[in-house]
file run-v8.cif (mmCIF, C-alpha atoms)
data_run
loop_
_atom_site.label_atom_id
_atom_site.label_comp_id
_atom_site.auth_asym_id
_atom_site.auth_seq_id
_atom_site.Cartn_x
_atom_site.Cartn_y
_atom_site.Cartn_z
CA MET Q 1346 195.18 -143.18 -62.45
CA ILE Q 1347 195.83 -142.00 -66.01
CA SER Q 1348 192.76 -140.33 -67.50
CA GLN Q 1349 191.16 -141.17 -70.82
CA ARG Q 1350 192.16 -137.70 -71.97
CA GLN Q 1351 195.84 -138.37 -71.24
CA LEU Q 1352 195.70 -141.74 -72.98
CA PHE Q 1353 193.97 -140.14 -75.96
CA LEU Q 1354 196.68 -137.50 -76.33
CA GLU Q 1355 199.55 -139.94 -75.80
CA HIS Q 1356 198.44 -142.94 -77.83
CA VAL Q 1357 195.84 -141.91 -80.42
CA GLY Q 1358 197.23 -140.28 -83.57
CA GLN Q 1359 196.30 -136.62 -83.62
CA THR Q 1360 195.32 -134.37 -86.52
CA SER Q 1361 195.86 -131.02 -84.78
CA ASP Q 1362 197.22 -129.50 -81.58
CA PHE Q 1363 193.72 -128.48 -80.52
CA PRO Q 1364 191.20 -131.36 -80.70
CA LEU Q 1365 187.81 -130.69 -79.15
CA GLU Q 1366 188.51 -133.29 -76.43
CA ILE Q 1367 184.85 -133.84 -75.56
CA GLU Q 1368 184.74 -137.28 -73.96
CA ILE Q 1369 181.61 -138.86 -75.40
CA GLU Q 1370 180.09 -141.78 -73.52
CA ARG Q 1371 177.01 -142.42 -75.67
CA ALA Q 1372 174.83 -140.99 -78.43
CA LYS Q 1373 171.17 -141.22 -79.40
CA GLY Q 1374 169.07 -139.34 -81.95
CA ILE Q 1375 170.46 -135.83 -82.37
CA TYR Q 1376 172.31 -135.88 -79.04
CA LEU Q 1377 175.78 -136.77 -77.84
CA PHE Q 1378 176.33 -137.31 -74.10
CA ASP Q 1379 179.62 -136.78 -72.29
CA LYS Q 1380 180.95 -138.68 -69.26
CA ASN Q 1381 178.94 -136.39 -66.96
CA ASN Q 1382 175.78 -137.17 -68.96
CA LYS Q 1383 175.69 -133.62 -70.35
CA PRO Q 1384 173.76 -133.61 -73.65
CA TYR Q 1385 175.03 -131.86 -76.77
CA ILE Q 1386 172.90 -131.17 -79.83
CA ASP Q 1387 174.94 -132.59 -82.71
CA LEU Q 1388 174.45 -129.95 -85.37
CA ILE Q 1389 176.99 -131.48 -87.76
CA SER Q 1390 176.02 -135.20 -87.69
CA GLY Q 1391 179.64 -136.31 -87.49
CA VAL Q 1392 180.08 -134.22 -90.68
CA SER Q 1393 177.00 -135.35 -92.63
CA VAL Q 1394 177.17 -138.98 -91.49
CA SER Q 1395 174.34 -139.55 -89.00
CA ASN Q 1396 171.51 -138.47 -91.31
CA ILE Q 1397 168.94 -140.65 -89.56
CA GLY Q 1398 170.34 -139.89 -86.12
CA HIS Q 1399 172.73 -141.67 -83.82
CA LEU Q 1400 172.03 -145.28 -82.89
CA HIS Q 1401 168.87 -145.63 -84.95
CA ASP Q 1402 167.01 -148.71 -83.70
CA LYS Q 1403 166.64 -150.27 -87.16
CA VAL Q 1404 170.33 -149.83 -87.97
CA VAL Q 1405 171.35 -151.33 -84.63
CA GLU Q 1406 169.02 -154.27 -85.21
CA ALA Q 1407 170.43 -154.84 -88.70
CA VAL Q 1408 174.02 -154.67 -87.44
CA LYS Q 1409 173.36 -157.17 -84.64
CA LYS Q 1410 171.54 -159.59 -86.93
CA GLN Q 1411 174.27 -159.52 -89.59
CA ALA Q 1412 177.10 -159.79 -87.04
CA GLU Q 1413 175.47 -162.98 -85.76
CA THR Q 1414 175.16 -164.36 -89.33
CA TYR Q 1415 178.59 -163.70 -90.84
CA MET Q 1416 181.15 -160.92 -91.00
CA HIS Q 1417 184.19 -160.81 -93.29
CA LEU Q 1418 184.34 -163.82 -95.62
CA MET Q 1419 186.60 -163.01 -98.57
CA VAL Q 1420 188.10 -160.10 -100.48
CA TYR Q 1421 185.52 -158.00 -102.29
CA GLY Q 1422 183.84 -159.36 -105.39
CA GLU Q 1423 184.38 -163.10 -104.96
CA TYR Q 1424 181.37 -164.26 -102.93
CA ILE Q 1425 177.71 -163.42 -103.34
CA GLN Q 1426 176.77 -161.68 -100.10
CA SER Q 1427 173.15 -160.76 -99.51
CA PRO Q 1428 173.67 -157.33 -97.83
CA GLN Q 1429 175.72 -156.12 -100.83
CA VAL Q 1430 173.26 -157.44 -103.38
CA VAL Q 1431 170.20 -156.03 -101.59
CA PHE Q 1432 171.72 -152.56 -101.25
CA ALA Q 1433 172.96 -152.46 -104.85
CA GLU Q 1434 169.53 -153.40 -106.17
CA LYS Q 1435 167.72 -150.89 -103.96
CA ILE Q 1436 170.03 -147.99 -104.83
CA SER Q 1437 169.77 -148.74 -108.56
CA LYS Q 1438 165.99 -148.30 -108.32
CA ILE Q 1439 166.44 -144.89 -106.70
CA LEU Q 1440 169.08 -143.54 -109.07
CA PRO Q 1441 168.19 -142.25 -112.55
CA GLY Q 1442 169.48 -143.42 -115.90
CA GLU Q 1443 171.82 -146.37 -116.09
CA LEU Q 1444 173.61 -145.78 -112.79
CA ASN Q 1445 173.08 -149.39 -111.86
CA SER Q 1446 176.48 -150.87 -110.97
CA THR Q 1447 177.79 -150.28 -107.44
CA TYR Q 1448 181.37 -150.95 -106.34
CA PHE Q 1449 181.59 -151.00 -102.54
CA VAL Q 1450 184.51 -149.51 -100.62
CA ASN Q 1451 185.13 -148.33 -97.05
CA SER Q 1452 184.97 -144.54 -97.21
CA GLY Q 1453 184.48 -141.43 -99.31
CA SER Q 1454 188.19 -141.08 -100.06
CA GLU Q 1455 188.30 -144.67 -101.31
CA ALA Q 1456 185.24 -144.02 -103.48
CA ILE Q 1457 187.07 -141.09 -105.10
CA GLU Q 1458 190.18 -143.22 -105.67
CA GLY Q 1459 188.11 -145.89 -107.40
CA ALA Q 1460 186.18 -143.38 -109.50
CA LEU Q 1461 189.36 -141.73 -110.76
CA LYS Q 1462 190.88 -145.08 -111.70
CA LEU Q 1463 187.67 -146.11 -113.44
CA ALA Q 1464 187.57 -142.92 -115.52
CA LYS Q 1465 191.20 -143.24 -116.61
CA ARG Q 1466 190.80 -146.92 -117.45
CA TYR Q 1467 187.58 -146.42 -119.43
CA THR Q 1468 188.68 -143.38 -121.44
CA GLY Q 1469 192.35 -144.25 -121.86
CA ARG Q 1470 193.10 -140.62 -120.98
CA THR Q 1471 195.15 -139.19 -118.13
CA GLU Q 1472 194.00 -135.60 -117.56
CA ILE Q 1473 191.77 -135.08 -114.52
CA ILE Q 1474 189.92 -131.84 -113.86
CA SER Q 1475 188.71 -130.71 -110.45
CA PHE Q 1476 187.72 -127.36 -108.92
CA ASN Q 1477 189.28 -124.74 -106.71
CA ASN Q 1478 188.35 -125.19 -103.04
CA ALA Q 1479 187.12 -128.74 -103.72
CA TYR Q 1480 187.48 -131.37 -101.02
CA HIS Q 1481 187.36 -135.06 -101.94
CA GLY Q 1482 189.38 -136.72 -99.16
CA SER Q 1483 192.95 -137.04 -97.93
CA THR Q 1484 194.43 -140.16 -99.54
CA HIS Q 1485 197.03 -139.48 -102.23
CA GLY Q 1486 194.73 -139.51 -105.23
CA ALA Q 1487 191.96 -137.64 -103.45
CA LEU Q 1488 194.50 -135.15 -102.14
CA SER Q 1489 195.73 -134.59 -105.70
CA VAL Q 1490 192.29 -133.33 -106.74
CA MET Q 1491 191.83 -131.20 -103.63
CA GLY Q 1492 191.48 -127.57 -104.66
CA ASN Q 1493 193.60 -126.06 -101.89
CA GLU Q 1494 197.37 -125.77 -102.13
CA GLU Q 1495 198.06 -125.24 -98.42
CA PHE Q 1496 196.77 -128.72 -97.55
CA LYS Q 1497 198.76 -130.35 -100.39
CA ASN Q 1498 202.20 -128.79 -100.51
CA SER Q 1499 203.80 -130.95 -97.81
CA PHE Q 1500 202.88 -134.16 -99.62
CA ARG Q 1501 204.12 -133.55 -103.15
CA PRO Q 1502 204.70 -135.02 -105.65
CA LEU Q 1503 201.06 -135.96 -106.14
CA LEU Q 1504 199.21 -137.24 -109.22
CA PRO Q 1505 200.29 -135.48 -112.44
CA ASP Q 1506 198.05 -134.04 -115.14
CA ILE Q 1507 195.53 -132.35 -112.84
CA LYS Q 1508 193.81 -129.08 -113.74
CA PHE Q 1509 191.60 -126.89 -111.57
CA LEU Q 1510 188.65 -124.78 -112.69
CA THR Q 1511 186.62 -122.19 -110.83
CA PHE Q 1512 183.26 -123.46 -109.62
CA ASN Q 1513 180.35 -121.72 -111.37
CA SER Q 1514 182.64 -120.28 -114.07
CA GLU Q 1515 181.13 -121.11 -117.46
CA GLN Q 1516 184.20 -119.65 -119.16
CA ASP Q 1517 186.48 -122.14 -117.39
CA LEU Q 1518 184.58 -125.06 -118.92
CA GLU Q 1519 186.42 -124.36 -122.17
CA LYS Q 1520 189.50 -125.91 -120.54
CA ILE Q 1521 187.85 -129.33 -120.76
CA SER Q 1522 189.16 -131.05 -123.91
CA ASN Q 1523 189.45 -134.37 -125.71
CA LYS Q 1524 192.48 -135.04 -123.50
CA THR Q 1525 190.34 -134.98 -120.35
CA ALA Q 1526 189.57 -138.33 -118.76
CA CYS Q 1527 187.10 -136.93 -116.25
CA VAL Q 1528 185.79 -133.87 -114.48
CA LEU Q 1529 185.24 -134.40 -110.76
CA VAL Q 1530 182.82 -132.01 -109.09
CA GLU Q 1531 180.96 -131.74 -105.81
CA SER Q 1532 177.31 -131.27 -106.68
CA ILE Q 1533 177.36 -128.65 -103.93
CA GLN Q 1534 180.78 -127.54 -102.74
CA GLY Q 1535 181.03 -128.37 -99.04
CA GLU Q 1536 184.32 -127.32 -97.48
CA ALA Q 1537 184.33 -124.18 -99.62
CA GLY Q 1538 181.53 -122.97 -97.35
CA ILE Q 1539 178.46 -124.49 -99.06
CA ARG Q 1540 178.52 -123.18 -102.63
CA ILE Q 1541 175.47 -123.93 -104.78
CA PRO Q 1542 175.82 -124.36 -108.57
CA GLU Q 1543 174.35 -121.32 -110.31
CA ASP Q 1544 172.84 -120.60 -113.71
CA ASN Q 1545 172.56 -124.27 -114.72
CA PHE Q 1546 176.29 -124.70 -114.22
CA LEU Q 1547 176.09 -128.48 -113.80
CA LYS Q 1548 174.00 -128.86 -116.97
CA LYS Q 1549 176.57 -126.82 -118.89
CA LEU Q 1550 179.32 -128.97 -117.41
CA ARG Q 1551 177.43 -132.11 -118.49
CA LYS Q 1552 177.14 -130.74 -122.03
CA LYS Q 1553 180.85 -129.95 -122.24
CA CYS Q 1554 181.79 -133.42 -121.03
CA ASP Q 1555 179.50 -134.95 -123.66
CA GLU Q 1556 181.13 -132.86 -126.37
CA THR Q 1557 184.68 -133.87 -125.39
CA GLY Q 1558 184.11 -137.48 -124.32
CA ALA Q 1559 185.20 -136.74 -120.75
CA LEU Q 1560 183.40 -138.61 -117.99
CA LEU Q 1561 181.51 -136.54 -115.43
CA ILE Q 1562 181.97 -137.64 -111.80
CA PHE Q 1563 179.65 -136.29 -109.11
CA ASP Q 1564 180.93 -136.31 -105.54
CA GLU Q 1565 177.73 -136.85 -103.51
CA ILE Q 1566 179.58 -137.88 -100.38
CA GLN Q 1567 178.20 -135.03 -98.23
CA THR Q 1568 175.05 -134.22 -100.19
CA GLY Q 1569 173.71 -137.76 -100.47
CA PHE Q 1570 171.00 -139.61 -98.57
CA GLY Q 1571 168.58 -136.75 -98.10
CA ARG Q 1572 170.91 -134.06 -96.82
CA ILE Q 1573 169.61 -131.33 -99.15
CA GLY Q 1574 165.99 -132.47 -99.42
CA SER Q 1575 166.37 -134.91 -102.30
CA PHE Q 1576 167.88 -138.38 -102.10
CA PHE Q 1577 170.85 -137.04 -104.06
CA ALA Q 1578 171.70 -133.57 -105.36
CA LEU Q 1579 171.81 -134.83 -108.94
CA MET Q 1580 168.02 -135.12 -108.71
CA GLU Q 1581 167.74 -131.52 -107.59
CA PHE Q 1582 169.79 -130.26 -110.54
CA ASP Q 1583 168.46 -132.76 -113.10
CA VAL Q 1584 171.90 -133.88 -114.25
CA ILE Q 1585 173.04 -137.50 -114.53
CA PRO Q 1586 176.79 -138.09 -114.16
CA ASP Q 1587 178.74 -141.01 -115.61
CA ILE Q 1588 180.07 -141.93 -112.18
CA MET Q 1589 179.00 -140.86 -108.70
CA THR Q 1590 180.59 -141.35 -105.30
CA ILE Q 1591 178.72 -141.86 -102.04
CA ALA Q 1592 179.66 -142.50 -98.40
CA LYS Q 1593 179.05 -140.62 -95.09
CA GLY Q 1594 175.25 -140.83 -94.64
CA MET Q 1595 175.17 -144.18 -96.43
CA GLY Q 1596 175.73 -146.50 -93.48
CA GLY Q 1597 173.80 -144.96 -90.61
CA GLY Q 1598 177.07 -144.49 -88.71
CA MET Q 1599 178.93 -147.54 -90.03
CA PRO Q 1600 182.00 -147.10 -92.31
CA ILE Q 1601 181.10 -147.63 -95.96
CA GLY Q 1602 181.33 -145.92 -99.34
CA ALA Q 1603 180.83 -146.72 -103.00
CA PHE Q 1604 181.35 -145.51 -106.52
CA ILE Q 1605 178.48 -146.12 -108.92
CA SER Q 1606 178.40 -146.14 -112.70
CA THR Q 1607 176.87 -147.96 -115.64
CA ASN Q 1608 177.49 -151.65 -116.23
CA GLU Q 1609 179.37 -150.76 -119.41
CA ILE Q 1610 181.80 -148.40 -117.72
CA MET Q 1611 182.24 -150.50 -114.57
CA SER Q 1612 182.98 -153.66 -116.54
CA CYS Q 1613 186.31 -152.29 -117.75
CA LEU Q 1614 187.80 -152.98 -114.31
CA LYS Q 1615 187.51 -156.73 -115.05
CA THR Q 1616 190.15 -156.84 -117.78
CA ASN Q 1617 193.51 -155.34 -118.75
CA PRO Q 1618 194.34 -155.96 -115.98
CA ILE Q 1619 192.08 -158.45 -114.28
CA LEU Q 1620 191.16 -157.21 -110.78
CA GLY Q 1621 191.51 -153.59 -111.86
CA HIS Q 1622 190.38 -152.43 -108.44
CA ILE Q 1623 190.65 -154.51 -105.27
CA THR Q 1624 189.63 -154.01 -101.66
CA THR Q 1625 189.67 -156.42 -98.72
CA PHE Q 1626 186.99 -154.92 -96.50
CA GLY Q 1627 184.99 -152.91 -99.05
CA GLY Q 1628 181.31 -153.82 -98.83
CA HIS Q 1629 181.74 -155.37 -95.39
CA PRO Q 1630 178.50 -157.28 -94.75
CA VAL Q 1631 177.79 -155.58 -91.42
CA SER Q 1632 178.26 -152.12 -92.95
CA CYS Q 1633 176.13 -153.10 -95.95
CA ALA Q 1634 173.39 -154.36 -93.66
CA ALA Q 1635 173.46 -151.00 -91.89
CA ALA Q 1636 173.30 -149.25 -95.27
CA VAL Q 1637 170.25 -151.29 -96.30
CA ALA Q 1638 168.53 -150.37 -93.04
CA THR Q 1639 169.42 -146.70 -93.53
CA LEU Q 1640 168.06 -146.74 -97.06
CA ASP Q 1641 164.82 -148.34 -95.85
CA VAL Q 1642 164.38 -145.74 -93.09
CA LEU Q 1643 164.91 -142.87 -95.53
CA THR Q 1644 162.57 -144.43 -98.08
CA ASN Q 1645 159.74 -145.47 -95.77
CA GLU Q 1646 159.60 -142.83 -93.03
CA ASN Q 1647 159.07 -139.64 -95.07
CA ILE Q 1648 162.18 -138.03 -93.59
CA ILE Q 1649 163.56 -136.49 -96.77
CA SER Q 1650 160.31 -134.77 -97.76
CA ASP Q 1651 160.54 -132.54 -94.67
CA VAL Q 1652 164.19 -131.55 -94.97
CA LYS Q 1653 163.72 -128.34 -96.95
CA ARG Q 1654 161.04 -127.08 -94.57
CA LYS Q 1655 163.34 -127.74 -91.62
CA GLY Q 1656 166.10 -125.83 -93.39
CA GLU Q 1657 163.78 -122.85 -93.73
CA LEU Q 1658 163.01 -123.09 -90.02
CA PHE Q 1659 166.70 -122.58 -89.25
CA ARG Q 1660 166.67 -119.52 -91.48
CA LYS Q 1661 163.57 -118.20 -89.70
CA TYR Q 1662 164.97 -118.50 -86.18
CA LEU Q 1663 168.64 -117.65 -86.78
CA THR Q 1664 167.99 -113.93 -86.51
CA HIS Q 1665 171.08 -112.35 -84.99
CA PRO Q 1666 172.09 -109.17 -86.86
CA GLN Q 1667 175.74 -110.31 -86.87
CA ILE Q 1668 174.81 -113.04 -89.38
CA LYS Q 1669 175.83 -111.82 -92.81
CA GLU Q 1670 174.40 -114.67 -94.89
CA ILE Q 1671 173.00 -118.19 -94.65
CA ARG Q 1672 173.89 -120.30 -97.69
CA GLY Q 1673 172.82 -123.79 -98.58
CA MET Q 1674 170.02 -126.18 -99.36
CA GLY Q 1675 167.93 -128.27 -97.01
CA LEU Q 1676 169.91 -129.17 -93.90
CA PHE Q 1677 173.29 -128.40 -95.46
CA MET Q 1678 174.06 -124.78 -94.60
CA ALA Q 1679 176.80 -122.28 -93.86
CA VAL Q 1680 176.19 -119.34 -91.53
CA GLU Q 1681 178.49 -116.46 -92.45
CA LEU Q 1682 179.88 -114.24 -89.67
CA LYS Q 1683 182.51 -111.50 -89.57
CA ASP Q 1684 185.69 -113.58 -89.45
CA PHE Q 1685 187.32 -116.71 -88.09
CA THR Q 1686 187.87 -115.16 -84.67
CA GLN Q 1687 184.13 -114.70 -84.22
CA VAL Q 1688 183.35 -118.14 -85.65
CA LYS Q 1689 185.79 -119.76 -83.20
CA LYS Q 1690 184.17 -117.93 -80.29
CA VAL Q 1691 180.70 -119.02 -81.41
CA ILE Q 1692 181.80 -122.65 -81.73
CA ASP Q 1693 183.41 -122.65 -78.27
CA LEU Q 1694 180.47 -120.90 -76.63
CA SER Q 1695 177.99 -123.21 -78.33
CA ILE Q 1696 179.83 -126.29 -77.07
CA LYS Q 1697 179.79 -124.84 -73.57
CA ASN Q 1698 176.04 -124.32 -73.97
CA GLY Q 1699 175.40 -127.86 -75.22
CA LEU Q 1700 175.59 -127.59 -79.01
CA ILE Q 1701 178.24 -128.79 -81.45
CA THR Q 1702 178.98 -127.00 -84.70
CA ASP Q 1703 182.15 -126.55 -86.76
CA TRP Q 1704 183.79 -124.43 -89.45
CA PHE Q 1705 184.79 -125.33 -93.01
CA LEU Q 1706 188.26 -126.37 -94.17
CA PHE Q 1707 188.53 -123.76 -96.91
CA HIS Q 1708 186.22 -121.07 -95.57
CA ASP Q 1709 186.77 -120.21 -91.92
CA SER Q 1710 184.40 -117.24 -91.55
CA ALA Q 1711 181.27 -119.43 -91.45
CA PHE Q 1712 180.04 -122.26 -89.27
CA ARG Q 1713 178.28 -125.43 -90.36
CA ILE Q 1714 174.68 -126.55 -89.91
CA ALA Q 1715 174.11 -130.17 -90.91
CA PRO Q 1716 172.09 -131.88 -88.16
CA PRO Q 1717 170.52 -135.33 -88.32
CA LEU Q 1718 167.53 -135.09 -90.65
CA ILE Q 1719 165.28 -136.35 -87.85
CA ILE Q 1720 165.72 -133.14 -85.85
CA THR Q 1721 162.33 -131.81 -84.67
CA ASP Q 1722 160.96 -128.29 -84.96
CA ASP Q 1723 161.34 -127.73 -81.21
CA GLU Q 1724 164.94 -128.94 -81.35
CA ILE Q 1725 165.66 -126.59 -84.26
CA ILE Q 1726 164.27 -123.64 -82.28
CA LYS Q 1727 166.33 -124.68 -79.24
CA ALA Q 1728 169.48 -124.94 -81.40
CA CYS Q 1729 168.84 -121.53 -82.94
CA ASN Q 1730 168.38 -119.96 -79.51
CA ILE Q 1731 171.74 -121.36 -78.39
CA LEU Q 1732 173.43 -120.11 -81.57
CA ASN Q 1733 171.87 -116.65 -81.32
CA GLU Q 1734 173.01 -116.41 -77.70
CA SER Q 1735 176.50 -117.61 -78.62
CA ILE Q 1736 176.76 -115.06 -81.42
CA GLU Q 1737 175.63 -112.29 -79.05
CA SER Q 1738 178.28 -113.33 -76.51
CA SER Q 1739 180.96 -113.42 -79.21
CA ILE Q 1740 180.70 -109.70 -80.02
#

call {"tool": "encode", "arguments": {"input": "run-v8.cif", "output": "structure tokens"}}
result
Amino acid sequence: MISQRQLFLEHVGQTSDFPLEIEIERAKGIYLFDKNNKPYIDLISGVSVSNIGHLHDKVVEAVKKQAETYMHLMVYGEYIQSPQVVFAEKISKILPGELNSTYFVNSGSEAIEGALKLAKRYTGRTEIISFNNAYHGSTHGALSVMGNEEFKNSFRPLLPDIKFLTFNSEQDLEKISNKTACVLVESIQGEAGIRIPEDNFLKKLRKKCDETGALLIFDEIQTGFGRIGSFFALMEFDVIPDIMTIAKGMGGGMPIGAFISTNEIMSCLKTNPILGHITTFGGHPVSCAAAVATLDVLTNENIISDVKRKGELFRKYLTHPQIKEIRGMGLFMAVELKDFTQVKKVIDLSIKNGLITDWFLFHDSAFRIAPPLIITDDEIIKACNILNESIESSI
């Protein structure tokens, strides 16, 4: 009989020659379970997706209830659908300023695509500025603003009129001009190995955008929904963008994303041309119901308020002398080791010992810590013990 592994390799499109190939049967809380019922601590949350844990009861209940009510009805924006309306209202009450108009899509990459189109349409400008080592997704537009040439070269030509600045370089901000439609920035750079803005960099960026009329877009796709200890990183840095993008932790495990702006800016997609942005499945009612449930859990269960303390607990118990640095905020961290060879060994050993971690696309000498926010103190200590042992065995 052909195994699931063989069918996976033969019939499921692959992204590398070395997938992890862990055959997961089920998931709950912070754990994944393979076909032999072996548990794995999920220390990456499906890459910052399962913020409230896998298969949260309230998300499952919301999904079941909505699926029994209605699923897809019509292309986005034509019908009034309660799950969309409820989420949009709730998120507008959480966000500062006039960020009160939500356009629903299916993923983070799609949110970036919509945000870029919105900025160009509103400003009438074409120049887009991003940052070196930025990651915003893999669709053509998102790939165009990716700050890594190796991942882009095989797919050129991409979008024209793109410039790249160095993150945390105040001097580079002078390259923003009255020709710039928008500046797209991760509030904390993720795939660069968790890089925090320094010396009020985001405030200085906001000021320069105001001076030139460029729109400021925050990519909160990884940092959103409590990951760093605030609902969104923009609250931590006290900067309000013109547009923000969200996804990943938004749907409690269901596929969903959005770009959010002011009513004034968003309204320009209605004319010249009409239907300036269209999606069939964006804002799918089942995904939106899951997002509403996720938002309610994060709001009502005091999960976010404990995130920073839990992050410090990781720092306290990750004590191996081979660790060069731990960067990050809350439960969004990079643990720096000697080189990729050691990181790969630690990842493989950790998986063998029942823990899943991963490296970063543009920084391969560190591994990722981004567990579900519901992880307990005892589970953090257990995870740190496994990592310390794996690091020791990697030497």

call {"tool": "closest_atom_pairs", "arguments": {"input": "run-v8.cif", "of": "region 1516-1607 of chain Q", "to": "region 1642-1653 of chain Q", "cutoff": "8 Å", "atoms": "only C-alpha atoms", "output": "tab-separated table"}}
result
residue	atom	partner	partner_atom	distance
Q:Phe1570	CA	Q:Leu1643	CA	7.5
Q:Gly1571	CA	Q:Ile1649	CA	5.2
Q:Arg1572	CA	Q:Val1652	CA	7.4
Q:Ile1573	CA	Q:Val1652	CA	6.8
Q:Gly1574	CA	Q:Val1652	CA	4.9
Q:Ser1575	CA	Q:Ile1649	CA	6.4
Q:Phe1576	CA	Q:Ile1649	CA	7.1

call {"tool": "atom_distance", "arguments": {"input": "run-v8.cif", "atom1": "CA of Ile1740 (chain Q)", "atom2": "CA of Val1680 (chain Q)"}}
result
15.7 Å

call {"tool": "resolve_selection", "arguments": {"input": "run-v8.cif", "expression": "the PyMOL selection byres ((chain Q and resi 1658-1673) around 10)", "output": "NGL selection string"}}
result
:Q and (1533-1535 or 1538-1541 or 1573 or 1652-1657 or 1674-1683 or 1687 or 1711-1714 or 1722 or 1725-1737 or 1739-1740)

call {"tool": "residues_around", "arguments": {"input": "run-v8.cif", "residues": "region 1552-1554 of chain Q", "least_positions_apart": "2", "cutoff": "8 Å", "atoms": "all atoms listed in the file", "output": "PyMOL selection string"}}
result
chain Q and resi 1518-1519+1521+1527-1528+1548-1550+1556-1561

call {"tool": "resolve_selection", "arguments": {"input": "run-v8.cif", "expression": "the PyMOL selection byres ((chain Q and resi 1496) around 12)", "output": "number ranges by chain"}}
result
Q: 1478-1480, 1482-1485, 1487-1495, 1497-1501, 1706-1707

call {"tool": "closest_residue", "arguments": {"input": "run-v8.cif", "among": "Q:Arg1371, Q:Arg1551, Q:Lys1380, Q:His1401", "to": "Ala1635 (chain Q)", "atoms": "all atoms listed in the file"}}
result
Q:His1401

call {"tool": "residues_around", "arguments": {"input": "run-v8.cif", "residues": "Ala1464 (chain Q)", "least_positions_apart": "5", "cutoff": "10 Å", "atoms": "all atoms listed in the file", "output": "list in words"}}
result
Gly1459, Gly1469, Arg1470, Thr1471, Glu1472, Ile1473, Thr1525, Ala1526, Cys1527, Val1528, Ala1559, Leu1560, Leu1561, Ile1562, Asp1587, Ile1588, Ile1610, Met1611 and Cys1613 of chain Q

call {"tool": "resolve_selection", "arguments": {"input": "run-v8.cif", "expression": "the PyMOL selection byres ((chain Q and resi 1626) around 7)", "output": "list in words"}}
result
Val1420, Tyr1421, Asn1451, Thr1624, Thr1625, Gly1627, Gly1628 and His1629 of chain Q

call {"tool": "closest_residue", "arguments": {"input": "run-v8.cif", "among": "Q:Val1637, Q:Leu1400, Q:Met1416, Q:Ile1566", "to": "Gly1602 (chain Q)", "atoms": "all atoms listed in the file"}}
result
Q:Ile1566

call {"tool": "atom_distance", "arguments": {"input": "run-v8.cif", "atom1": "CA of Ala1407 (chain Q)", "atom2": "CA of Val1631 (chain Q)"}}
result
7.9 Å

call {"tool": "residues_around", "arguments": {"input": "run-v8.cif", "residues": "Gly1486 (chain Q)", "least_positions_apart": "5", "cutoff": "9 Å", "atoms": "all atoms listed in the file", "output": "PyMOL selection string"}}
result
chain Q and resi 1454+1457-1458+1461+1491+1503-1504

call {"tool": "atom_distance", "arguments": {"input": "run-v8.cif", "atom1": "CA of Lys1403 (chain Q)", "atom2": "CA of Gly1597 (chain Q)"}}
result
9.6 Å

call {"tool": "decode", "arguments": {"input": "run-v8.cif", "residues": "region 1488-1498 of chain Q", "atoms": "N, CA and C atoms", "output": "PDB file, in the first residue's frame"}}
result
ATOM      1  N   LEU Q1488       6.381  39.938  -3.709  1.00  0.00           N
ATOM      2  CA  LEU Q1488       7.754  39.545  -4.022  1.00  0.00           C
ATOM      3  C   LEU Q1488       8.568  40.749  -4.468  1.00  0.00           C
ATOM      4  N   SER Q1489       7.949  41.678  -5.165  1.00  0.00           N
ATOM      5  CA  SER Q1489       8.642  42.869  -5.653  1.00  0.00           C
ATOM      6  C   SER Q1489       9.191  43.718  -4.514  1.00  0.00           C
ATOM      7  N   VAL Q1490       8.494  43.713  -3.375  1.00  0.00           N
ATOM      8  CA  VAL Q1490       8.942  44.515  -2.233  1.00  0.00           C
ATOM      9  C   VAL Q1490       9.697  43.680  -1.206  1.00  0.00           C
ATOM     10  N   MET Q1491      10.004  42.445  -1.554  1.00  0.00           N
ATOM     11  CA  MET Q1491      10.851  41.615  -0.693  1.00  0.00           C
ATOM     12  C   MET Q1491      12.284  42.128  -0.761  1.00  0.00           C
ATOM     13  N   GLY Q1492      12.920  42.268   0.381  1.00  0.00           N
ATOM     14  CA  GLY Q1492      14.262  42.835   0.421  1.00  0.00           C
ATOM     15  C   GLY Q1492      15.372  41.826   0.349  1.00  0.00           C
ATOM     16  N   ASN Q1493      15.242  40.836  -0.547  1.00  0.00           N
ATOM     17  CA  ASN Q1493      16.270  39.817  -0.713  1.00  0.00           C
ATOM     18  C   ASN Q1493      16.323  39.414  -2.175  1.00  0.00           C
ATOM     19  N   GLU Q1494      17.442  39.657  -2.816  1.00  0.00           N
ATOM     20  CA  GLU Q1494      17.564  39.440  -4.256  1.00  0.00           C
ATOM     21  C   GLU Q1494      17.560  37.963  -4.629  1.00  0.00           C
ATOM     22  N   GLU Q1495      18.128  37.107  -3.802  1.00  0.00           N
ATOM     23  CA  GLU Q1495      18.237  35.689  -4.127  1.00  0.00           C
ATOM     24  C   GLU Q1495      16.860  35.062  -4.353  1.00  0.00           C
ATOM     25  N   PHE Q1496      15.878  35.467  -3.568  1.00  0.00           N
ATOM     26  CA  PHE Q1496      14.540  34.909  -3.680  1.00  0.00           C
ATOM     27  C   PHE Q1496      13.757  35.501  -4.857  1.00  0.00           C
ATOM     28  N   LYS Q1497      14.265  36.579  -5.460  1.00  0.00           N
ATOM     29  CA  LYS Q1497      13.520  37.302  -6.484  1.00  0.00           C
ATOM     30  C   LYS Q1497      14.033  37.099  -7.904  1.00  0.00           C
ATOM     31  N   ASN Q1498      15.311  36.835  -8.042  1.00  0.00           N
ATOM     32  CA  ASN Q1498      15.946  36.913  -9.355  1.00  0.00           C
ATOM     33  C   ASN Q1498      15.315  36.012 -10.408  1.00  0.00           C
TER      34      ASN Q1498
END
